[in-house]
Amino acid sequence: MKRFLPKSLLMLITCIALLGSGSILADAERMTFKNAQSETDYTKLVNELRCLVCQNQTIADSDADLAKDLRAKVYDMVEGGQTQDQVIDYMTTRYGDFVLYRPAFKMKTLLLWLGPIVFLLLAIFFVIRWVRSQATSPQSSGLSEAQQESVRDLLNKTQ
Amino acid sequence: MKLSALIPLGIFAVLAVFLYKGLELKPREVPSPFIGKPVPEFTLPKLMVDGKTISPNDLKGKVWMLNVFASWCVSCRAEHDVLTRFIKAEKVPVLGLNYKDQPKDAKEWLAALGNPYQHIAVDLEGSVGIDLGVYGVPETFVIDKQGIIRHKQTGPVFDETVRNDLLPLILKLREEKS
């Protein structure tokens, strides 16, 4: 069983990698960019912005009408020479922080970002404490001397 | 019984509270960054009057509403009756933003259902819609006398919405000085 593990794991990783990529290719293929920078900016941005209609998709993945419009807007802006920050600014002033697929790291989102780490550290702390308390408690089986004797007798008999 | 035996129950109780609260959350209602900000400037052709344009400036000094609608939008049809009654009863000036619609379809739609709007702007490409952060038609903005957006309703307006949100707010805003 152990020998198969790396292979299947590798296949799983490949599948996940394939799933994640390529979603934007269909669109980018039909678009022409003035330079490579513009294309990278566009690809990065459409994968960073959330579609507000189907909220668990980026505008790159979504087929909603609004996502198409926003993709066109992003395209116009990067082709017009605007930087990534300018496009992000444009979108957040209109749609709020919600439009960012990766929430910004600030006071309001602190718990969101640090929460999992805090919980992990807490869990590690409690596990360590529990393990230690196990180690220090006396290793008693809870049987009296006489009971242990009879157990030993029984075990010897069956052998 | 040891106190630590109660820990799972405690965890369950906390989870239950969070999940119960989660039932009432409305993730579709994204908080609008426009609340408290001036309504974005735009000039669009009017639907009903050829060659004329309309802009939010034309309504300055009044408490008014901006309603985003389209003939292809099913929820717009659903809210139309409620909205019309409210607009007529309270005499609220309303600018309708006909969003990504064919003017011909919009006119037919209004002819069939009635036209409660004071002005209708044609946003053929949806560019003003983007400037207003529109993501789900219908949307309704309440704008005060200074031209500041004070409230946004995403999705259809129901009798309940009028009673609880729109009417009290509009009455309050009318008291403010311009």
# chains A, B, ... in the order shown; residues from 1 in each chain; ligands from 1
$ residues_around --residues "A:Met77" --least-positions-apart "3" --cutoff "10 Å" --atoms "only C-alpha atoms" --output "list in words"
Ser38, Tyr42, Arg71, Ala72, Lys73, Val74, Gly80, Gly81, Gln82, Thr83, Gln84, Gln86, Val87 and Tyr90 of chain A
$ residues_around --residues "B:Asp159" --least-positions-apart "2" --cutoff "12 Å" --atoms "only C-alpha atoms" --output "MDAnalysis selection string"
chainID B and resid 78:86 156:157 161:167
$ residues_around --residues "stretch 53-61 of chain B" --least-positions-apart "5" --cutoff "8 Å" --atoms "only C-alpha atoms" --output "list in words"
Val39, Glu41, Phe42, Thr43, Leu44, Pro45, Lys46, His119, Ile120, Ala121, Asp144, Lys145, Gln146, Gly147 and Ser178 of chain B
$ closest_atom_pairs --of "chain B" --to "chain A" --cutoff "12 Å" --atoms "only C-alpha atoms" --output "CSV"
residue,atom,partner,partner_atom,distance
B:Pro27,CA,A:Gln55,CA,8.7
B:Arg28,CA,A:Gln55,CA,7.9
B:Glu29,CA,A:Leu52,CA,9.7
B:Val30,CA,A:Phe98,CA,7.1
B:Pro31,CA,A:Gly96,CA,7.3
B:Ser32,CA,A:Gly96,CA,6.4
B:Pro33,CA,A:Gly96,CA,5.2
B:Phe34,CA,A:Arg94,CA,7.3
B:Ile35,CA,A:Gly96,CA,10.8
B:Lys37,CA,A:Thr93,CA,10.4
B:Val39,CA,A:Arg94,CA,11.2
B:Pro40,CA,A:Arg94,CA,9.9
B:Tyr99,CA,A:Leu66,CA,11.5
B:Lys100,CA,A:Asp65,CA,10.0
B:Glu125,CA,A:Asp69,CA,8.7
B:Gly126,CA,A:Asp69,CA,8.0
B:Ser127,CA,A:Asp69,CA,8.5
B:Val128,CA,A:Arg94,CA,10.8
B:Gly129,CA,A:Leu66,CA,9.7
B:Ile130,CA,A:Arg94,CA,7.2
B:Asp131,CA,A:Arg94,CA,6.2
B:Leu132,CA,A:Arg94,CA,6.3
B:Gly133,CA,A:Arg94,CA,4.6
B:Val134,CA,A:Tyr95,CA,8.0
B:Tyr135,CA,A:Leu52,CA,6.1
B:Gly136,CA,A:Val53,CA,6.9
B:Val137,CA,A:Val53,CA,10.3
B:Thr154,CA,A:Val53,CA,11.8
B:Gly155,CA,A:Val53,CA,11.9
$ atom_distance --atom1 "atom CA of B:Val122" --atom2 "atom CA of B:Pro93"
17.2 Å
$ atom_distance --atom1 "atom CA of B:Phe158" --atom2 "atom CA of B:Cys73"
15.7 Å
$ closest_residue --among "B:Pro138, B:Leu47, B:Gln153, B:Leu169" --to "B:Asp105" --atoms "only C-alpha atoms"
B:Leu47
$ select_by_dssp --residues "stretch 52-137 of chain B" --states "strand (DSSP E or B)" --output "NGL selection string"
:B and (53-54 or 64-69 or 94-99 or 119-123)
$ write_last_selection --atoms "N, CA and C atoms" --output "short mmCIF file (atom, residue, chain, number, x, y, z; two decimals), in the first residue's frame"
data_model
loop_
_atom_site.label_atom_id
_atom_site.label_comp_id
_atom_site.auth_asym_id
_atom_site.auth_seq_id
_atom_site.Cartn_x
_atom_site.Cartn_y
_atom_site.Cartn_z
N THR B 53 -31.37 64.71 -22.43
CA THR B 53 -30.57 63.91 -21.51
C THR B 53 -31.00 64.20 -20.07
N ILE B 54 -30.58 63.30 -19.19
CA ILE B 54 -30.90 63.45 -17.77
C ILE B 54 -29.65 63.17 -16.94
N TRP B 64 -34.91 61.95 -3.43
CA TRP B 64 -35.36 61.16 -4.57
C TRP B 64 -34.78 59.76 -4.55
N MET B 65 -35.29 58.93 -5.44
CA MET B 65 -34.79 57.56 -5.51
C MET B 65 -34.30 57.27 -6.92
N LEU B 66 -33.31 56.41 -6.99
CA LEU B 66 -32.84 55.92 -8.28
C LEU B 66 -33.13 54.42 -8.31
N ASN B 67 -33.91 54.02 -9.29
CA ASN B 67 -34.29 52.61 -9.38
C ASN B 67 -33.72 52.01 -10.66
N VAL B 68 -32.91 50.96 -10.50
CA VAL B 68 -32.32 50.30 -11.65
C VAL B 68 -33.26 49.18 -12.09
N PHE B 69 -33.68 49.23 -13.33
CA PHE B 69 -34.63 48.21 -13.80
C PHE B 69 -34.35 47.83 -15.25
N VAL B 94 -38.66 59.74 -8.87
CA VAL B 94 -37.80 58.57 -9.08
C VAL B 94 -37.18 58.63 -10.47
N LEU B 95 -35.87 58.47 -10.48
CA LEU B 95 -35.15 58.35 -11.74
C LEU B 95 -34.97 56.86 -12.01
N GLY B 96 -35.56 56.38 -13.10
CA GLY B 96 -35.39 54.98 -13.47
C GLY B 96 -34.15 54.84 -14.34
N LEU B 97 -33.30 53.90 -13.98
CA LEU B 97 -32.13 53.64 -14.83
C LEU B 97 -32.42 52.34 -15.58
N ASN B 98 -32.69 52.50 -16.87
CA ASN B 98 -33.00 51.32 -17.69
C ASN B 98 -31.68 50.66 -18.08
N TYR B 99 -31.39 49.55 -17.38
CA TYR B 99 -30.05 48.97 -17.38
C TYR B 99 -29.92 47.86 -18.43
N HIS B 119 -38.33 60.38 -14.46
CA HIS B 119 -37.40 60.39 -15.59
C HIS B 119 -36.89 58.97 -15.79
N ILE B 120 -36.54 58.66 -17.04
CA ILE B 120 -35.90 57.36 -17.27
C ILE B 120 -34.65 57.58 -18.11
N ALA B 121 -33.54 57.09 -17.60
CA ALA B 121 -32.27 57.20 -18.30
C ALA B 121 -31.94 55.88 -18.97
N VAL B 122 -31.38 55.95 -20.16
CA VAL B 122 -31.05 54.73 -20.89
C VAL B 122 -29.57 54.41 -20.71
N ASP B 123 -29.29 53.30 -20.04
CA ASP B 123 -27.91 52.85 -19.85
C ASP B 123 -27.72 51.59 -20.67
#
$ atom_distance --atom1 "atom CA of B:Val14" --atom2 "atom CA of A:Leu121"
19.6 Å
$ closest_residue --among "A:Glu79, A:Glu149, A:Asp63, A:Glu48" --to "A:Asn35" --atoms "only C-alpha atoms"
A:Glu79
$ residues_around --residues "A:Tyr101" --least-positions-apart "6" --cutoff "9 Å" --atoms "only C-alpha atoms" --output "PyMOL selection string"
chain A and resi 47-51+56-58
